[in-house]
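Only one structure is covered here, and it is reproduced in the block below.
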Amino acid sequence: MLKLKLLINQWLANVTRRLHNSFYLYLSALLTVLVLLDASVFHVGENMRDRAFDMMVKNRIVVPKADADIVIIDINEASLSAMSAEYGRWPWPRQVLGEFLENIEAQQPKAVVFDILFSDPDVYNPDSDAYFNEVIASTQNTFFPMLRLSEASDELSQVTPDMIPGIKRAGLAADENSTTKPIAIVLPHFEAALNSQHLGTHNIYPDKDGIVREYRLWHDENGWVLPSLPLAVGKFLGKSSDTLPQNMLINWRGKPFTYQFASFSDVYADMANKIKKRPPNEFKDKIVIIGSTAPSLFDLKATAMAKAHPGVEILATAIDNVKHDDYLKVWRGKTPYILVSLALIWLTAMAFFRNVDRDKVTTIFSSSQIILITLSYLAINFTNTYLDLTGPIAWAIMYFSVAKIYALANERAMQRLLAADNNAGKNGKHVLMMPVLI
């Protein structure tokens, strides 16, 4: 066993003599190649954003306030219970929603957005559907969702882009045959909703880990732009969509139930009362979003802010971001990712190569990582930019760890080799060992 250890120590010593400090340069060259490969092919480090982003955005000191002009009419469990005696279980007859919309419109809201998919007729209440359709036709600021189904179902669909009201080609480069290619999509059943052209998808796509961090503002359907509800509402409010990304990193306003909420049953009951308890202009100039937070209706998503975030509030946040153009911009492009990663790697390599005091290198390296993380945290608090430095920091830590292990292993190998020579006691002579401080 002692001979084996001695052989290993001798081998490490020989490697050290041959490579000496050149090892640090070889290691940095190897990581440079890996960084370039990752930036162009694998995109692992470039997209190491998720966990760091979640931690920072959830623990921000400066949190943007929710727009006071966005109000959510909540079909919550209390509303389902209160309305069940007269209208039964969900879904209620469309007449209920028609009466609600008619009374809300009387207060002159800026927009009314349904986060409810009306995909099929109510075969048991055709008169109720007809009344709701008439109310929709009398409005000019009501928005309805579409549901984009999986692309795998496109071949089964009979809906083509030119059949969807309000969507347009992305440009002249669109394929001429794209008009006849079907899209698997669920449209509103009501003719008045289609004629209004106030349609948008309300799909929410989580990341691979199941967490919602972005909102898809439009779908590119073979050269046709299929807008989302937030994008459609933003255009209606006069906001330009030219600078908006396809996938918008959501600038969260806080934990669930940050926006103004009003229970559907409370508002509906007050509308029927002769003596009103609620303000007569409660929804004037408001963006009224009608949706549900009831767990029994299964519209809860995991987000960076909570494990169960109501889908209607995710929609409200996306509309808020588009309205104020304050969604989070991510500073993480390929060029910055490569430059920052290589700068950290090579600066650390030169410190090891020039035999800078190890304690100083450790202190400076640790401080630099803390400074970068602090800069990222400050940026997300005081600006609308997220500095995604997770990838470069990960590469720097990888280099530092390997270089540190190499330096420690070589120093200990030399110690053991000298100790072995000392124990051998050549010709009875004793070697005085000086302590090696690591």
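How things are named: the first chain in the structure tokens is A, the next is B, and so on; residues count from 1 in each chain; ligands count from 1 in the order shown.
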**OP:** Find the spatial neighbours of segment 27-41 of chain A, counting only C-alpha atoms, within a cut-off of 12 Å - ignore same-chain residues fewer than 3 positions away - and output them as a ChimeraX atom specification.
**Re:** /A:19,21-24,44-48,332-353,391-392,394-404,406
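Residues in contact with Ala308 of chain A at up to 12 Å, not including ones fewer than 5 positions away on its chain and judged by only C-alpha atoms, are Gly210, Ile211, Val212, Lys255, Pro256, Phe257, Thr293, Ala294, Pro295, Phe298, Asp299, Leu300, Lys301, Ala302, Thr303, Glu313 and Ile314 of chain A.
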Next, dump the selected residues to file, keeping only C-alpha atoms, as a tab-separated table (two decimals), in the first residue's frame.
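What landed in part13.tsv:
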```tsv
chain	number	residue	atom	x	y	z
A	210	GLY	CA	-43.10	23.02	-15.09
A	211	ILE	CA	-42.65	26.63	-13.95
A	212	VAL	CA	-44.28	29.51	-15.86
A	255	LYS	CA	-47.58	36.88	-5.07
A	256	PRO	CA	-51.07	35.71	-6.09
A	257	PHE	CA	-54.02	38.03	-5.42
A	293	THR	CA	-59.40	31.22	-9.29
A	294	ALA	CA	-61.53	28.29	-8.09
A	295	PRO	CA	-59.32	25.20	-7.66
A	298	PHE	CA	-58.27	23.70	-12.64
A	299	ASP	CA	-56.79	26.98	-13.83
A	300	LEU	CA	-53.81	27.11	-11.46
A	301	LYS	CA	-50.20	27.15	-12.63
A	302	ALA	CA	-46.81	26.94	-10.90
A	303	THR	CA	-44.83	30.17	-11.33
A	313	GLU	CA	-53.85	36.62	-12.74
A	314	ILE	CA	-51.05	35.43	-15.02
```
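Note that atom CA of Gly166 of chain A and atom CA of Glu221 of chain A are 13.8 Å apart.
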**OP:** Quick one: everything within 12 Å of Ser157 of chain A, counting only C-alpha atoms, minus sequence neighbours fewer than 2 positions away in the same chain. Send it as a ChimeraX atom specification.
**Re:** /A:148-155,159-161,163,180-187
How would the residues just chosen look if you wrote them out with all heavy atoms as a compact mmCIF listing (two decimals), in the first residue's frame?
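Wrote again-v3.txt, looks like this:
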```
# COMPACT_ATOMS: atom_id res chain seq x y z
N ARG A 148 -54.97 27.47 -28.70
CA ARG A 148 -54.12 26.80 -29.70
C ARG A 148 -53.81 25.40 -29.19
O ARG A 148 -53.20 25.21 -28.13
CB ARG A 148 -52.83 27.60 -29.91
CG ARG A 148 -51.82 26.97 -30.89
CD ARG A 148 -52.42 26.83 -32.28
NE ARG A 148 -51.42 26.53 -33.30
CZ ARG A 148 -51.27 25.32 -33.85
NH1 ARG A 148 -52.00 24.30 -33.46
NH2 ARG A 148 -50.37 25.14 -34.82
N LEU A 149 -54.24 24.40 -29.96
CA LEU A 149 -53.99 23.02 -29.58
C LEU A 149 -52.61 22.58 -30.08
O LEU A 149 -51.91 23.33 -30.76
CB LEU A 149 -55.08 22.12 -30.17
CG LEU A 149 -56.52 22.46 -29.75
CD1 LEU A 149 -57.51 21.53 -30.44
CD2 LEU A 149 -56.68 22.38 -28.24
N SER A 150 -52.23 21.37 -29.74
CA SER A 150 -50.93 20.85 -30.13
C SER A 150 -50.79 20.80 -31.65
O SER A 150 -51.76 20.48 -32.37
CB SER A 150 -50.73 19.45 -29.54
OG SER A 150 -49.58 18.83 -30.06
N GLU A 151 -49.59 21.11 -32.14
CA GLU A 151 -49.35 21.07 -33.57
C GLU A 151 -49.54 19.67 -34.14
O GLU A 151 -49.79 19.51 -35.34
CB GLU A 151 -47.94 21.57 -33.88
CG GLU A 151 -47.73 23.04 -33.56
CD GLU A 151 -46.34 23.52 -33.90
OE1 GLU A 151 -45.55 22.67 -34.41
OE2 GLU A 151 -46.03 24.69 -33.69
N ALA A 152 -49.42 18.67 -33.27
CA ALA A 152 -49.62 17.29 -33.73
C ALA A 152 -51.06 17.05 -34.20
O ALA A 152 -51.33 16.10 -34.94
CB ALA A 152 -49.27 16.32 -32.61
N SER A 153 -51.98 17.93 -33.78
CA SER A 153 -53.39 17.78 -34.16
C SER A 153 -53.76 18.62 -35.37
O SER A 153 -54.94 18.65 -35.76
CB SER A 153 -54.29 18.15 -32.97
OG SER A 153 -53.99 17.36 -31.83
N ASP A 154 -52.80 19.32 -35.96
CA ASP A 154 -53.11 20.22 -37.08
C ASP A 154 -53.77 19.48 -38.24
O ASP A 154 -54.69 20.00 -38.88
CB ASP A 154 -51.85 20.92 -37.58
CG ASP A 154 -51.42 22.06 -36.64
OD1 ASP A 154 -52.18 22.37 -35.71
OD2 ASP A 154 -50.32 22.60 -36.84
N GLU A 155 -53.31 18.27 -38.53
CA GLU A 155 -53.83 17.54 -39.67
C GLU A 155 -55.30 17.14 -39.48
O GLU A 155 -56.01 16.88 -40.46
CB GLU A 155 -52.99 16.29 -39.92
CG GLU A 155 -51.55 16.59 -40.32
CD GLU A 155 -50.75 15.33 -40.57
OE1 GLU A 155 -51.32 14.23 -40.37
OE2 GLU A 155 -49.57 15.44 -40.96
N VAL A 159 -59.75 24.08 -39.73
CA VAL A 159 -59.62 25.54 -39.64
C VAL A 159 -58.31 25.96 -40.29
O VAL A 159 -57.24 25.42 -39.97
CB VAL A 159 -59.64 26.01 -38.17
CG1 VAL A 159 -59.48 27.53 -38.11
CG2 VAL A 159 -60.94 25.59 -37.50
N THR A 160 -58.37 26.90 -41.22
CA THR A 160 -57.18 27.44 -41.87
C THR A 160 -56.99 28.89 -41.43
O THR A 160 -57.92 29.53 -40.94
CB THR A 160 -57.32 27.38 -43.40
OG1 THR A 160 -58.53 28.05 -43.79
CG2 THR A 160 -57.37 25.93 -43.88
N PRO A 161 -55.78 29.44 -41.60
CA PRO A 161 -55.52 30.80 -41.10
C PRO A 161 -56.48 31.86 -41.63
O PRO A 161 -56.85 32.77 -40.89
CB PRO A 161 -54.08 31.07 -41.59
CG PRO A 161 -53.47 29.72 -41.68
CD PRO A 161 -54.57 28.80 -42.12
N MET A 163 -59.47 31.66 -42.08
CA MET A 163 -60.78 31.54 -41.45
C MET A 163 -60.81 32.18 -40.06
O MET A 163 -61.89 32.30 -39.46
CB MET A 163 -61.18 30.06 -41.34
CG MET A 163 -61.34 29.36 -42.67
SD MET A 163 -61.53 27.56 -42.49
CE MET A 163 -63.01 27.46 -41.49
N THR A 180 -53.79 27.45 -46.82
CA THR A 180 -54.56 26.21 -46.86
C THR A 180 -54.09 25.19 -45.83
O THR A 180 -54.71 24.14 -45.70
CB THR A 180 -54.46 25.59 -48.26
OG1 THR A 180 -53.08 25.32 -48.56
CG2 THR A 180 -55.04 26.52 -49.31
N LYS A 181 -53.02 25.49 -45.10
CA LYS A 181 -52.54 24.55 -44.09
C LYS A 181 -53.36 24.71 -42.82
O LYS A 181 -53.46 25.80 -42.28
CB LYS A 181 -51.06 24.80 -43.79
CG LYS A 181 -50.46 23.74 -42.87
CD LYS A 181 -48.96 23.92 -42.74
CE LYS A 181 -48.38 22.83 -41.84
NZ LYS A 181 -46.92 22.96 -41.69
N PRO A 182 -53.98 23.65 -42.31
CA PRO A 182 -54.89 23.77 -41.17
C PRO A 182 -54.15 24.06 -39.86
O PRO A 182 -52.97 23.75 -39.71
CB PRO A 182 -55.58 22.41 -41.12
CG PRO A 182 -54.61 21.47 -41.76
CD PRO A 182 -53.91 22.27 -42.82
N ILE A 183 -54.88 24.66 -38.93
CA ILE A 183 -54.38 24.97 -37.60
C ILE A 183 -55.34 24.35 -36.58
O ILE A 183 -56.56 24.59 -36.65
CB ILE A 183 -54.30 26.49 -37.36
CG1 ILE A 183 -53.36 27.15 -38.36
CG2 ILE A 183 -53.82 26.78 -35.94
CD1 ILE A 183 -53.33 28.66 -38.24
N ALA A 184 -54.80 23.58 -35.66
CA ALA A 184 -55.63 23.00 -34.61
C ALA A 184 -55.88 24.06 -33.54
O ALA A 184 -55.00 24.38 -32.74
CB ALA A 184 -54.94 21.79 -34.00
N ILE A 185 -57.04 24.65 -33.59
CA ILE A 185 -57.36 25.75 -32.69
C ILE A 185 -58.85 25.72 -32.35
O ILE A 185 -59.68 25.30 -33.17
CB ILE A 185 -56.99 27.11 -33.34
CG1 ILE A 185 -57.06 28.25 -32.33
CG2 ILE A 185 -57.85 27.39 -34.57
CD1 ILE A 185 -56.46 29.54 -32.84
N VAL A 186 -59.17 26.11 -31.14
CA VAL A 186 -60.56 26.19 -30.70
C VAL A 186 -60.97 27.66 -30.70
O VAL A 186 -60.39 28.47 -29.97
CB VAL A 186 -60.75 25.59 -29.29
CG1 VAL A 186 -62.21 25.70 -28.85
CG2 VAL A 186 -60.30 24.13 -29.27
N LEU A 187 -61.96 28.00 -31.51
CA LEU A 187 -62.43 29.37 -31.64
C LEU A 187 -63.70 29.56 -30.80
O LEU A 187 -64.39 28.59 -30.47
CB LEU A 187 -62.73 29.70 -33.10
CG LEU A 187 -61.56 29.62 -34.08
CD1 LEU A 187 -62.06 29.78 -35.51
CD2 LEU A 187 -60.52 30.66 -33.75
```
Residue neighbourhood segment 387-390 of chain A, 7 Å, only C-alpha atoms, exclusion window fewer than 5 positions, as a PDB file with N, CA and C atoms, in the first residue's frame:
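Written out: part-v6.pdb:
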```
ATOM      1  N   MET A  48     -28.817  28.948 -18.302  1.00  0.00           N
ATOM      2  CA  MET A  48     -28.881  28.613 -16.878  1.00  0.00           C
ATOM      3  C   MET A  48     -29.435  29.802 -16.109  1.00  0.00           C
ATOM      4  N   ARG A  49     -30.712  30.056 -16.356  1.00  0.00           N
ATOM      5  CA  ARG A  49     -31.331  31.257 -15.832  1.00  0.00           C
ATOM      6  C   ARG A  49     -32.358  30.970 -14.763  1.00  0.00           C
ATOM      7  N   VAL A 330     -33.932  40.369 -20.974  1.00  0.00           N
ATOM      8  CA  VAL A 330     -32.870  39.480 -20.503  1.00  0.00           C
ATOM      9  C   VAL A 330     -31.577  39.807 -21.230  1.00  0.00           C
ATOM     10  N   TRP A 331     -30.558  40.155 -20.449  1.00  0.00           N
ATOM     11  CA  TRP A 331     -29.221  40.414 -21.015  1.00  0.00           C
ATOM     12  C   TRP A 331     -28.441  39.113 -20.945  1.00  0.00           C
ATOM     13  N   ARG A 332     -28.542  38.334 -22.042  1.00  0.00           N
ATOM     14  CA  ARG A 332     -27.895  37.030 -22.000  1.00  0.00           C
ATOM     15  C   ARG A 332     -27.555  36.512 -23.394  1.00  0.00           C
ATOM     16  N   SER A 376     -26.560  41.631 -10.639  1.00  0.00           N
ATOM     17  CA  SER A 376     -27.756  41.041 -11.242  1.00  0.00           C
ATOM     18  C   SER A 376     -28.985  41.306 -10.387  1.00  0.00           C
ATOM     19  N   ALA A 379     -29.996  44.995 -10.601  1.00  0.00           N
ATOM     20  CA  ALA A 379     -30.587  45.314 -11.902  1.00  0.00           C
ATOM     21  C   ALA A 379     -32.049  44.914 -11.960  1.00  0.00           C
TER      22      ALA A 379
END
```
Subject >> Residues within 9 Å of Leu117 of chain A, only C-alpha atoms, excluding chain neighbours under 6 positions, as a VMD selection string >> reply: chain A and resid 144 to 147 186 to 189
**OP:** For Arg94 of chain A, list every protein, DNA or RNA residue within 9 Å, evaluated using only C-alpha atoms, and leave out those in the same chain fewer than 6 positions away; present the list as a list of chain:residue names.
**Re:**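 Neighbouring residues, sequence-local ones excluded: A:Asp122, A:Asn125, A:Ser128, A:Asp129, A:Ala130, A:Tyr131, A:Phe132.
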Restricted to N, CA and C atoms, what would the selected residues look like written as an mmCIF file, in the first residue's frame?
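Once written, result07.cif looks like this:
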```cif
data_model
loop_
_atom_site.group_PDB
_atom_site.id
_atom_site.type_symbol
_atom_site.label_atom_id
_atom_site.label_comp_id
_atom_site.auth_asym_id
_atom_site.auth_seq_id
_atom_site.Cartn_x
_atom_site.Cartn_y
_atom_site.Cartn_z
ATOM 1 N N ASP A 122 -74.660 26.026 -26.018
ATOM 2 C CA ASP A 122 -75.437 25.450 -24.921
ATOM 3 C C ASP A 122 -76.715 24.891 -25.525
ATOM 4 N N ASN A 125 -79.999 25.559 -23.729
ATOM 5 C CA ASN A 125 -80.455 26.945 -23.542
ATOM 6 C C ASN A 125 -80.110 27.783 -24.776
ATOM 7 N N SER A 128 -80.648 31.488 -24.362
ATOM 8 C CA SER A 128 -79.608 32.100 -23.531
ATOM 9 C C SER A 128 -78.383 32.439 -24.366
ATOM 10 N N ASP A 129 -77.999 31.521 -25.256
ATOM 11 C CA ASP A 129 -76.857 31.781 -26.150
ATOM 12 C C ASP A 129 -77.155 32.950 -27.081
ATOM 13 N N ALA A 130 -78.382 32.998 -27.599
ATOM 14 C CA ALA A 130 -78.765 34.075 -28.527
ATOM 15 C C ALA A 130 -78.711 35.437 -27.834
ATOM 16 N N TYR A 131 -79.123 35.457 -26.590
ATOM 17 C CA TYR A 131 -79.082 36.725 -25.838
ATOM 18 C C TYR A 131 -77.634 37.165 -25.605
ATOM 19 N N PHE A 132 -76.794 36.243 -25.213
ATOM 20 C CA PHE A 132 -75.378 36.570 -24.992
ATOM 21 C C PHE A 132 -74.747 37.073 -26.279
#
```
Subject >> Given only C-alpha atoms as the counted atoms, nearest of A:Arg169, A:Lys208, A:Lys284, A:Arg60 to Gln108 of chain A >> reply: A:Lys284
Original post:
Nearest to Ala111 of chain A: which of A:Pro227, A:Pro93, A:Gly234, A:Pro64 is it, counting only C-alpha atoms?
Top reply: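 Nearest to Ala111 of chain A: A:Gly234.
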Subject >> All strand (DSSP E) positions in segment 88-318 of chain A, as number ranges by chain >> reply: A: 111-114, 142-148, 168-169, 185-186, 199-201, 214-216, 218-221, 224-227, 247-249, 260-263, 287-291, 300-301, 309-310
**OP:** Compare A:Leu372, A:Ile364, A:Ala262, A:Met271 by their minimum atom-to-atom distance to Ala78 of chain A, counting only C-alpha atoms, and give me the closest one.
**Re:**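 Answer, going by the shortest atom-to-atom distance: A:Ala262.
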**OP:** Could you tell me, as JSON, numbers by chain, which residues of segment 213-418 of chain A DSSP assigns to alpha helix (DSSP H) when given the backbone?
**Re:** {"A": [229, 230, 231, 232, 233, 234, 235, 236, 264, 265, 266, 267, 268, 269, 270, 271, 272, 311, 312, 313, 314, 315, 316, 317, 318, 319, 320, 321, 322, 323, 324, 334, 335, 336, 337, 338, 339, 340, 341, 342, 343, 344, 345, 346, 347, 348, 349, 350, 351, 352, 353, 358, 359, 360, 361, 362, 363, 364, 365, 366, 367, 368, 369, 370, 371, 372, 373, 374, 375, 376, 377, 378, 379, 380, 381, 382, 390, 391, 392, 393, 394, 395, 396, 397, 398, 399, 400, 401, 402, 403, 404, 405, 406, 407, 408, 409, 410, 411, 412, 413, 414, 415, 416, 417, 418]}
Original post:
Taking into account only C-alpha atoms, which residue in the set A:Val62, A:Gly223, A:His309, A:Asp270 is nearest to Leu378 of chain A?
Top reply: A:Val62
Excluding Ile75 of chain A and any residue of its chain fewer than 6 positions from it, enumerate the residues within 8 Å of it, using only C-alpha atoms, and give them as a short mmCIF file (atom, residue, chain, number, x, y, z; two decimals) with N, CA, C and O atoms, in the first residue's frame.
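Just written: out_9.cif:
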```cif
data_model
loop_
_atom_site.label_atom_id
_atom_site.label_comp_id
_atom_site.auth_asym_id
_atom_site.auth_seq_id
_atom_site.Cartn_x
_atom_site.Cartn_y
_atom_site.Cartn_z
N SER A 263 -65.53 39.45 -6.30
CA SER A 263 -66.22 38.18 -6.46
C SER A 263 -67.37 38.33 -7.45
O SER A 263 -68.17 39.27 -7.37
N PHE A 264 -67.46 37.40 -8.40
CA PHE A 264 -68.49 37.47 -9.44
C PHE A 264 -69.89 37.50 -8.81
O PHE A 264 -70.74 38.31 -9.20
N SER A 265 -70.13 36.62 -7.85
CA SER A 265 -71.47 36.54 -7.25
C SER A 265 -71.84 37.82 -6.52
O SER A 265 -73.00 38.25 -6.56
N ILE A 290 -62.55 38.73 -16.69
CA ILE A 290 -63.47 37.78 -16.07
C ILE A 290 -62.88 36.38 -16.18
O ILE A 290 -62.69 35.85 -17.28
N GLY A 291 -62.54 35.81 -15.04
CA GLY A 291 -61.93 34.49 -15.01
C GLY A 291 -62.15 33.82 -13.68
O GLY A 291 -62.96 34.28 -12.86
N SER A 292 -61.43 32.76 -13.43
CA SER A 292 -61.68 31.96 -12.23
C SER A 292 -60.40 31.64 -11.48
O SER A 292 -59.35 31.36 -12.09
N THR A 293 -60.49 31.69 -10.15
CA THR A 293 -59.40 31.22 -9.29
C THR A 293 -59.83 29.97 -8.52
O THR A 293 -59.08 29.50 -7.67
N ALA A 294 -61.03 29.45 -8.81
CA ALA A 294 -61.53 28.29 -8.09
C ALA A 294 -60.68 27.05 -8.40
O ALA A 294 -60.52 26.70 -9.58
#
```
Original post:
Which is closest to Thr383 of chain A among A:Val135, A:Val356, A:Leu328, A:Ala318, if we use only C-alpha atoms?
Top reply: A:Leu328
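When atom CA of Pro121 of chain A is paired with atom CA of Asp162 of chain A, their separation reads 22.9 Å.
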**OP:** One decimal, Å: what's the distance from atom CA of Leu199 of chain A over to atom CA of Ser84 of chain A, could you say?
**Re:**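 These atoms are spaced 29.6 Å apart.
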